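This is input-v4.tsv. It holds TSV, N, CA and C atoms.
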```tsv
chain	number	residue	atom	x	y	z
X	18	MET	N	0.83	-1.17	0.00
X	18	MET	CA	0.00	0.00	0.00
X	18	MET	C	0.88	1.25	0.00
X	19	THR	N	0.41	2.25	-0.71
X	19	THR	CA	1.13	3.51	-0.78
X	19	THR	C	0.19	4.65	-0.44
X	20	THR	N	0.77	5.83	-0.28
X	20	THR	CA	-0.02	7.03	-0.05
X	20	THR	C	0.00	7.84	-1.33
X	21	ASP	N	-1.13	8.36	-1.74
X	21	ASP	CA	-1.23	9.17	-2.94
X	21	ASP	C	-2.08	10.39	-2.64
X	22	THR	N	-1.62	11.55	-3.07
X	22	THR	CA	-2.38	12.77	-2.87
X	22	THR	C	-2.74	13.34	-4.23
X	23	GLN	N	-4.05	13.47	-4.49
X	23	GLN	CA	-4.55	14.02	-5.74
X	23	GLN	C	-5.59	15.07	-5.40
X	24	GLY	N	-5.38	16.30	-5.82
X	24	GLY	CA	-6.37	17.34	-5.60
X	24	GLY	C	-6.73	17.53	-4.14
X	25	GLY	N	-5.76	17.33	-3.24
X	25	GLY	CA	-6.02	17.55	-1.83
X	25	GLY	C	-6.58	16.34	-1.11
X	26	THR	N	-6.86	15.25	-1.80
X	26	THR	CA	-7.40	14.05	-1.18
X	26	THR	C	-6.27	13.06	-0.98
X	27	GLN	N	-6.14	12.56	0.23
X	27	GLN	CA	-5.08	11.60	0.53
X	27	GLN	C	-5.68	10.21	0.68
X	28	LEU	N	-5.18	9.29	-0.11
X	28	LEU	CA	-5.59	7.90	-0.01
X	28	LEU	C	-4.38	7.09	0.44
X	29	THR	N	-4.54	6.27	1.46
X	29	THR	CA	-3.40	5.52	1.98
X	29	THR	C	-3.43	4.05	1.59
X	30	LYS	N	-4.46	3.64	0.87
X	30	LYS	CA	-4.59	2.22	0.55
X	30	LYS	C	-4.61	1.97	-0.95
X	31	ILE	N	-3.65	2.53	-1.66
X	31	ILE	CA	-3.55	2.27	-3.10
X	31	ILE	C	-2.44	1.26	-3.30
X	32	ASP	N	-2.78	0.09	-3.82
X	32	ASP	CA	-1.75	-0.92	-4.02
X	32	ASP	C	-0.93	-0.62	-5.26
X	33	ALA	N	0.23	-1.22	-5.34
X	33	ALA	CA	1.18	-0.96	-6.43
X	33	ALA	C	0.59	-1.33	-7.78
X	34	ARG	N	-0.17	-2.39	-7.83
X	34	ARG	CA	-0.77	-2.83	-9.10
X	34	ARG	C	-1.75	-1.79	-9.63
X	35	SER	N	-2.60	-1.26	-8.75
X	35	SER	CA	-3.55	-0.22	-9.16
X	35	SER	C	-2.82	1.03	-9.63
X	36	LYS	N	-1.76	1.39	-8.92
X	36	LYS	CA	-0.99	2.58	-9.31
X	36	LYS	C	-0.34	2.37	-10.68
X	37	ARG	N	0.19	1.18	-10.94
X	37	ARG	CA	0.78	0.88	-12.25
X	37	ARG	C	-0.28	0.97	-13.34
X	38	THR	N	-1.47	0.44	-13.06
X	38	THR	CA	-2.56	0.50	-14.04
X	38	THR	C	-2.95	1.95	-14.31
X	39	GLN	N	-3.04	2.76	-13.26
X	39	GLN	CA	-3.38	4.18	-13.43
X	39	GLN	C	-2.33	4.88	-14.27
X	40	ARG	N	-1.06	4.60	-14.02
X	40	ARG	CA	0.02	5.23	-14.80
X	40	ARG	C	-0.02	4.79	-16.26
X	41	ARG	N	-0.33	3.51	-16.50
X	41	ARG	CA	-0.45	3.02	-17.89
X	41	ARG	C	-1.58	3.74	-18.62
X	42	ILE	N	-2.72	3.87	-17.96
X	42	ILE	CA	-3.87	4.56	-18.57
X	42	ILE	C	-3.51	6.01	-18.86
X	43	ALA	N	-2.87	6.68	-17.89
X	43	ALA	CA	-2.48	8.09	-18.08
X	43	ALA	C	-1.51	8.23	-19.25
X	44	ALA	N	-0.57	7.31	-19.37
X	44	ALA	CA	0.39	7.35	-20.49
X	44	ALA	C	-0.32	7.16	-21.82
X	45	GLN	N	-1.28	6.25	-21.87
X	45	GLN	CA	-2.02	6.02	-23.11
X	45	GLN	C	-2.89	7.23	-23.45
X	46	LEU	N	-3.50	7.85	-22.44
X	46	LEU	CA	-4.30	9.05	-22.69
X	46	LEU	C	-3.45	10.16	-23.28
X	47	ALA	N	-2.21	10.26	-22.83
X	47	ALA	CA	-1.31	11.31	-23.30
X	47	ALA	C	-0.94	11.16	-24.77
X	48	THR	N	-1.12	9.97	-25.32
X	48	THR	CA	-0.76	9.75	-26.73
X	48	THR	C	-1.88	10.07	-27.71
X	49	ILE	N	-3.09	10.30	-27.17
X	49	ILE	CA	-4.24	10.53	-28.04
X	49	ILE	C	-4.20	11.95	-28.59
X	50	ASP	N	-4.32	12.05	-29.90
X	50	ASP	CA	-4.30	13.34	-30.59
X	50	ASP	C	-5.74	13.82	-30.72
X	51	TRP	N	-6.19	14.13	-31.89
X	51	TRP	CA	-7.56	14.56	-32.14
X	51	TRP	C	-8.52	13.41	-31.90
X	52	ALA	N	-9.71	13.73	-31.39
X	52	ALA	CA	-10.72	12.71	-31.11
X	52	ALA	C	-12.06	13.19	-31.65
X	53	LEU	N	-12.57	12.47	-32.66
X	53	LEU	CA	-13.82	12.83	-33.31
X	53	LEU	C	-14.92	11.88	-32.83
X	54	PRO	N	-15.91	12.39	-32.09
X	54	PRO	CA	-16.95	11.51	-31.56
X	54	PRO	C	-17.95	11.09	-32.63
X	55	GLY	N	-18.64	10.03	-32.36
X	55	GLY	CA	-19.71	9.58	-33.26
X	55	GLY	C	-19.44	8.21	-33.83
X	56	THR	N	-20.36	7.80	-34.70
X	56	THR	CA	-20.26	6.50	-35.34
X	56	THR	C	-20.42	6.65	-36.85
X	57	ILE	N	-19.89	5.69	-37.56
X	57	ILE	CA	-20.02	5.63	-39.02
X	57	ILE	C	-20.91	4.45	-39.35
X	58	THR	N	-21.90	4.70	-40.19
X	58	THR	CA	-22.80	3.65	-40.64
X	58	THR	C	-22.84	3.68	-42.16
X	59	GLU	N	-22.77	2.52	-42.76
X	59	GLU	CA	-22.91	2.41	-44.22
X	59	GLU	C	-24.34	1.99	-44.50
X	60	ARG	N	-25.05	2.79	-45.28
X	60	ARG	CA	-26.48	2.54	-45.51
X	60	ARG	C	-26.81	2.51	-47.00
X	61	MET	N	-27.83	1.74	-47.30
X	61	MET	CA	-28.47	1.73	-48.60
X	61	MET	C	-29.85	2.35	-48.38
X	62	MET	N	-30.30	3.23	-49.30
X	62	MET	CA	-31.54	3.96	-49.04
X	62	MET	C	-32.45	4.02	-50.27
X	63	ARG	N	-33.72	4.30	-49.98
X	63	ARG	CA	-34.71	4.59	-51.02
X	63	ARG	C	-34.74	6.10	-51.22
X	64	CYS	N	-34.98	6.53	-52.46
X	64	CYS	CA	-35.03	7.97	-52.73
X	64	CYS	C	-36.44	8.53	-52.60
X	65	GLY	N	-37.45	7.71	-52.80
X	65	GLY	CA	-38.82	8.18	-52.66
X	65	GLY	C	-39.44	8.69	-53.96
X	66	LYS	N	-38.69	8.71	-55.05
X	66	LYS	CA	-39.24	9.18	-56.33
X	66	LYS	C	-40.13	8.08	-56.92
X	67	LYS	N	-41.27	8.51	-57.46
X	67	LYS	CA	-42.18	7.55	-58.09
X	67	LYS	C	-41.49	6.90	-59.29
X	68	GLY	N	-41.68	5.62	-59.41
X	68	GLY	CA	-41.15	4.90	-60.56
X	68	GLY	C	-39.69	4.51	-60.45
X	69	CYS	N	-39.00	4.95	-59.40
X	69	CYS	CA	-37.58	4.59	-59.24
X	69	CYS	C	-37.48	3.12	-58.85
X	70	ARG	N	-36.46	2.48	-59.32
X	70	ARG	CA	-36.26	1.05	-59.04
X	70	ARG	C	-36.08	0.76	-57.55
X	71	CYS	N	-35.72	1.79	-56.75
X	71	CYS	CA	-35.52	1.54	-55.32
X	71	CYS	C	-36.84	1.29	-54.60
X	72	GLY	N	-37.95	1.69	-55.20
X	72	GLY	CA	-39.25	1.48	-54.58
X	72	GLY	C	-39.98	0.27	-55.11
X	73	GLN	N	-39.42	-0.39	-56.08
X	73	GLN	CA	-40.05	-1.57	-56.68
X	73	GLN	C	-39.70	-2.81	-55.87
X	74	GLY	N	-40.37	-3.90	-56.16
X	74	GLY	CA	-40.06	-5.16	-55.49
X	74	GLY	C	-39.38	-6.12	-56.45
X	75	PRO	N	-38.30	-6.73	-56.15
X	75	PRO	CA	-37.48	-6.44	-54.98
X	75	PRO	C	-36.74	-5.10	-55.16
X	76	PRO	N	-36.51	-4.37	-54.09
X	76	PRO	CA	-35.91	-3.05	-54.22
X	76	PRO	C	-34.44	-3.11	-54.63
X	77	HIS	N	-34.03	-2.14	-55.41
X	77	HIS	CA	-32.62	-1.93	-55.78
X	77	HIS	C	-32.25	-0.58	-55.17
X	78	LEU	N	-31.75	-0.62	-53.95
X	78	LEU	CA	-31.53	0.59	-53.18
X	78	LEU	C	-30.31	1.38	-53.67
X	79	HIS	N	-30.33	2.69	-53.39
X	79	HIS	CA	-29.22	3.58	-53.72
X	79	HIS	C	-28.15	3.49	-52.63
X	80	GLY	N	-26.93	3.69	-53.03
X	80	GLY	CA	-25.85	3.70	-52.04
X	80	GLY	C	-24.72	2.80	-52.47
X	81	PRO	N	-23.83	2.49	-51.60
X	81	PRO	CA	-23.87	2.76	-50.17
X	81	PRO	C	-23.50	4.21	-49.84
X	82	TYR	N	-24.13	4.72	-48.77
X	82	TYR	CA	-23.85	6.04	-48.26
X	82	TYR	C	-23.19	5.89	-46.89
X	83	LEU	N	-22.18	6.70	-46.64
X	83	LEU	CA	-21.47	6.68	-45.36
X	83	LEU	C	-22.02	7.81	-44.50
X	84	GLN	N	-22.62	7.45	-43.37
X	84	GLN	CA	-23.20	8.45	-42.48
X	84	GLN	C	-22.39	8.55	-41.20
X	85	TRP	N	-22.03	9.77	-40.85
X	85	TRP	CA	-21.37	10.06	-39.57
X	85	TRP	C	-22.44	10.63	-38.66
X	86	THR	N	-22.71	9.96	-37.56
X	86	THR	CA	-23.76	10.36	-36.63
X	86	THR	C	-23.15	10.63	-35.27
X	87	ARG	N	-23.60	11.73	-34.65
X	87	ARG	CA	-23.14	12.07	-33.32
X	87	ARG	C	-24.23	12.87	-32.62
X	88	THR	N	-24.07	13.11	-31.33
X	88	THR	CA	-25.03	13.89	-30.57
X	88	THR	C	-24.42	15.26	-30.26
X	89	VAL	N	-25.18	16.31	-30.56
X	89	VAL	CA	-24.76	17.68	-30.29
X	89	VAL	C	-25.89	18.36	-29.51
X	90	ASN	N	-25.59	18.78	-28.28
X	90	ASN	CA	-26.59	19.42	-27.42
X	90	ASN	C	-27.88	18.59	-27.30
X	91	GLY	N	-27.71	17.28	-27.16
X	91	GLY	CA	-28.86	16.40	-26.98
X	91	GLY	C	-29.60	16.03	-28.25
X	92	LYS	N	-29.14	16.50	-29.40
X	92	LYS	CA	-29.79	16.22	-30.68
X	92	LYS	C	-28.86	15.36	-31.54
X	93	THR	N	-29.45	14.43	-32.28
X	93	THR	CA	-28.68	13.60	-33.20
X	93	THR	C	-28.40	14.39	-34.47
X	94	VAL	N	-27.14	14.43	-34.85
X	94	VAL	CA	-26.71	15.13	-36.06
X	94	VAL	C	-26.06	14.11	-36.98
X	95	THR	N	-26.46	14.12	-38.25
X	95	THR	CA	-25.93	13.17	-39.23
X	95	THR	C	-25.41	13.92	-40.44
X	96	LYS	N	-24.23	13.54	-40.89
X	96	LYS	CA	-23.63	14.10	-42.10
X	96	LYS	C	-23.22	12.94	-43.01
X	97	LEU	N	-23.37	13.14	-44.31
X	97	LEU	CA	-22.88	12.16	-45.26
X	97	LEU	C	-21.41	12.44	-45.55
X	98	LEU	N	-20.62	11.39	-45.60
X	98	LEU	CA	-19.19	11.51	-45.88
X	98	LEU	C	-18.85	10.80	-47.17
X	99	THR	N	-17.84	11.29	-47.83
X	99	THR	CA	-17.27	10.57	-48.96
X	99	THR	C	-16.30	9.52	-48.42
X	100	ARG	N	-15.92	8.58	-49.24
X	100	ARG	CA	-14.94	7.57	-48.83
X	100	ARG	C	-13.62	8.25	-48.44
X	101	GLU	N	-13.25	9.30	-49.16
X	101	GLU	CA	-12.01	10.02	-48.88
X	101	GLU	C	-12.08	10.72	-47.51
X	102	GLN	N	-13.24	11.30	-47.21
X	102	GLN	CA	-13.40	11.94	-45.89
X	102	GLN	C	-13.31	10.90	-44.78
X	103	LEU	N	-13.94	9.75	-44.97
X	103	LEU	CA	-13.87	8.71	-43.96
X	103	LEU	C	-12.42	8.27	-43.76
X	104	ASP	N	-11.70	8.06	-44.85
X	104	ASP	CA	-10.29	7.66	-44.75
X	104	ASP	C	-9.49	8.71	-43.98
X	105	ARG	N	-9.79	9.97	-44.21
X	105	ARG	CA	-9.07	11.08	-43.58
X	105	ARG	C	-9.37	11.15	-42.07
X	106	TYR	N	-10.63	10.93	-41.68
X	106	TYR	CA	-11.03	11.11	-40.29
X	106	TYR	C	-11.11	9.83	-39.47
X	107	GLN	N	-10.93	8.68	-40.10
X	107	GLN	CA	-11.01	7.41	-39.37
X	107	GLN	C	-10.06	7.35	-38.18
X	108	PRO	N	-8.82	7.81	-38.30
X	108	PRO	CA	-7.93	7.79	-37.12
X	108	PRO	C	-8.50	8.61	-35.95
X	109	TRP	N	-9.17	9.71	-36.23
X	109	TRP	CA	-9.75	10.53	-35.16
X	109	TRP	C	-10.94	9.82	-34.53
X	110	LEU	N	-11.72	9.13	-35.33
X	110	LEU	CA	-12.83	8.33	-34.80
X	110	LEU	C	-12.29	7.20	-33.91
X	111	ASP	N	-11.20	6.57	-34.36
X	111	ASP	CA	-10.56	5.51	-33.57
X	111	ASP	C	-10.03	6.08	-32.25
X	112	ASN	N	-9.46	7.29	-32.30
X	112	ASN	CA	-8.95	7.93	-31.09
X	112	ASN	C	-10.08	8.18	-30.09
X	113	ALA	N	-11.23	8.63	-30.58
X	113	ALA	CA	-12.37	8.88	-29.70
X	113	ALA	C	-12.83	7.59	-29.03
X	114	ARG	N	-12.84	6.50	-29.77
X	114	ARG	CA	-13.23	5.20	-29.21
X	114	ARG	C	-12.23	4.78	-28.13
X	115	GLN	N	-10.94	4.96	-28.41
X	115	GLN	CA	-9.91	4.62	-27.43
X	115	GLN	C	-10.03	5.52	-26.18
X	116	LEU	N	-10.30	6.80	-26.40
X	116	LEU	CA	-10.48	7.73	-25.29
X	116	LEU	C	-11.63	7.29	-24.38
X	117	ARG	N	-12.75	6.91	-24.97
X	117	ARG	CA	-13.89	6.44	-24.18
X	117	ARG	C	-13.54	5.17	-23.40
X	118	ALA	N	-12.83	4.25	-24.03
X	118	ALA	CA	-12.47	3.00	-23.37
X	118	ALA	C	-11.50	3.26	-22.21
X	119	LEU	N	-10.50	4.11	-22.42
X	119	LEU	CA	-9.54	4.41	-21.36
X	119	LEU	C	-10.21	5.16	-20.21
X	120	THR	N	-11.10	6.08	-20.52
X	120	THR	CA	-11.81	6.82	-19.49
X	120	THR	C	-12.66	5.87	-18.65
X	121	SER	N	-13.35	4.95	-19.30
X	121	SER	CA	-14.16	3.96	-18.58
X	121	SER	C	-13.28	3.09	-17.68
X	122	GLU	N	-12.12	2.68	-18.20
X	122	GLU	CA	-11.21	1.85	-17.42
X	122	GLU	C	-10.69	2.62	-16.20
X	123	LEU	N	-10.34	3.89	-16.39
X	123	LEU	CA	-9.85	4.70	-15.28
X	123	LEU	C	-10.94	4.94	-14.23
X	124	GLU	N	-12.17	5.17	-14.69
X	124	GLU	CA	-13.28	5.35	-13.75
X	124	GLU	C	-13.52	4.08	-12.93
X	125	ALA	N	-13.48	2.92	-13.58
X	125	ALA	CA	-13.68	1.66	-12.87
X	125	ALA	C	-12.56	1.41	-11.86
X	126	LEU	N	-11.32	1.70	-12.27
X	126	LEU	CA	-10.18	1.54	-11.37
X	126	LEU	C	-10.31	2.47	-10.16
X	127	THR	N	-10.68	3.72	-10.41
X	127	THR	CA	-10.83	4.69	-9.33
X	127	THR	C	-11.94	4.28	-8.38
X	128	THR	N	-13.06	3.83	-8.92
X	128	THR	CA	-14.17	3.38	-8.09
X	128	THR	C	-13.74	2.21	-7.22
X	129	GLN	N	-13.02	1.26	-7.80
X	129	GLN	CA	-12.55	0.11	-7.03
X	129	GLN	C	-11.56	0.53	-5.95
X	130	THR	N	-10.68	1.49	-6.28
X	130	THR	CA	-9.69	1.98	-5.32
X	130	THR	C	-10.37	2.64	-4.12
X	131	VAL	N	-11.37	3.48	-4.40
X	131	VAL	CA	-12.10	4.14	-3.32
X	131	VAL	C	-12.87	3.10	-2.49
X	132	THR	N	-13.51	2.14	-3.15
X	132	THR	CA	-14.24	1.10	-2.45
X	132	THR	C	-13.32	0.31	-1.53
X	133	ASP	N	-12.14	-0.04	-2.04
X	133	ASP	CA	-11.17	-0.78	-1.22
X	133	ASP	C	-10.65	0.08	-0.08
X	134	ALA	N	-10.33	1.35	-0.36
X	134	ALA	CA	-9.76	2.25	0.66
X	134	ALA	C	-10.76	2.49	1.79
X	135	GLU	N	-12.03	2.57	1.46
X	135	GLU	CA	-13.05	2.85	2.47
X	135	GLU	C	-13.62	1.59	3.12
X	136	GLY	N	-13.24	0.44	2.58
X	136	GLY	CA	-13.74	-0.81	3.14
X	136	GLY	C	-15.20	-1.08	2.82
X	137	TRP	N	-15.70	-0.43	1.77
X	137	TRP	CA	-17.11	-0.57	1.42
X	137	TRP	C	-17.43	-1.94	0.83
X	138	GLY	N	-16.42	-2.61	0.32
X	138	GLY	CA	-16.66	-3.91	-0.31
X	138	GLY	C	-16.53	-5.07	0.66
X	139	ALA	N	-16.11	-4.77	1.90
X	139	ALA	CA	-15.89	-5.84	2.88
X	139	ALA	C	-17.24	-6.40	3.34
X	140	LYS	N	-17.29	-7.73	3.44
X	140	LYS	CA	-18.51	-8.39	3.90
X	140	LYS	C	-18.49	-8.45	5.42
X	141	SER	N	-19.61	-8.15	6.01
X	141	SER	CA	-19.71	-8.17	7.50
X	141	SER	C	-20.37	-9.42	7.96
```

Encoding of this model in structure tokens:
Amino acid sequence: MTTDTQGGTQLTKIDARSKRTQRRIAAQLATIDWALPGTITERMMRCGKKGCRCGQGPPHLHGPYLQWTRTVNGKTVTKLLTREQLDRYQPWLDNARQLRALTSELEALTTQTVTDAEGWGAKS
């Protein structure tokens, strides 16, 4: 067990393994460059024009279209991307996914550390 002070809070029950994990996560976070949130979906769609083959049976849909979808101020926003745009921004989308995963891992580690330090997980 070690003592760690972060933001004025002193924890005396942080084991070496947890501290190593926290340092690894922090090092990985430091390597992330631009992070573009959202998801990419490849879709085939109907145009809605009368007589178009996309509305006939069996349908011959238009596409594929690449849609970038994200949430902005609680609203879903969707933009169509070209293949070139997707190729250009894919690393940023990957970075955002990695950022979310690392943040979740750090939150879980921190929650477990606090639970262990406070003895909240001990069975009585």

Helix (DSSP H, G or I) residues, from DSSP on the backbone, in stretch 50-131 of chain X, as a ChimeraX atom specification: /X:70-72,100-131

Interatomic distance, atom N of X:Arg100 to atom C of X:Tyr82 (Å, one decimal):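 So the two atoms, atom N of X:Arg100 and atom C of X:Tyr82, lie 8.1 Å apart.
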
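Comparing the minimum interatomic distances between X:Glu59 and each of X:Trp85, X:Ile42, X:Gly72, X:Glu101, counting all atoms listed in the file, we find that X:Trp85 sits nearest.
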
Contacts of stretch 105-112 of chain X at 6 Å (only N, CA and C atoms; same-chain gap of 2+ positions) as a ChimeraX atom specification: /X:51-54,100-103,114-117

Every residue of chain X that DSSP places in strand (DSSP E or B), as an NGL selection string: :X and (19-23 or 26-31 or 56-62 or 79-89 or 92-98)

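Between atom CA of X:Thr99 and atom CA of X:Gln84 the separation is 9.0 Å.
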
Can you tell me, as lines of an AutoDock Vina configuration file, the centre and edge lengths (Å, one decimal) of the axis-aligned box enclosing all of stretch 40-46 of chain X's listed atoms after padding each side by 3 Å?
```
center_x = -2.0
center_y = 6.6
center_z = -18.7
size_x = 10.7
size_y = 13.1
size_z = 15.4
```

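Among the candidate residues X:Arg60, X:Ser35, X:Arg87, X:Pro75, the one lying nearest to X:Ala113 is X:Arg87, with distances computed using only C-alpha atoms.
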
Interatomic distance, atom CA of X:Gly68 to atom CA of X:Lys96 (Å, one decimal):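 Rounded to one decimal, the two atoms are 27.1 Å apart.
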
Contacts of stretch 77-79 of chain X at 5 Å (only N, CA and C atoms; same-chain gap of 2+ positions) as an MDAnalysis selection string: chainID X and resid 61:62 70:71 75 81

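Distance check against X:Ala125 using only C-alpha atoms: of X:Gln73, X:Thr88, X:Gly80, X:Thr38, the minimum falls on X:Thr38.
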
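Between X:Ser121 and the candidates X:Gln39, X:Lys92, X:Thr56, X:Thr86, the tightest atom-to-atom separation, counting only C-alpha atoms, involves X:Gln39.
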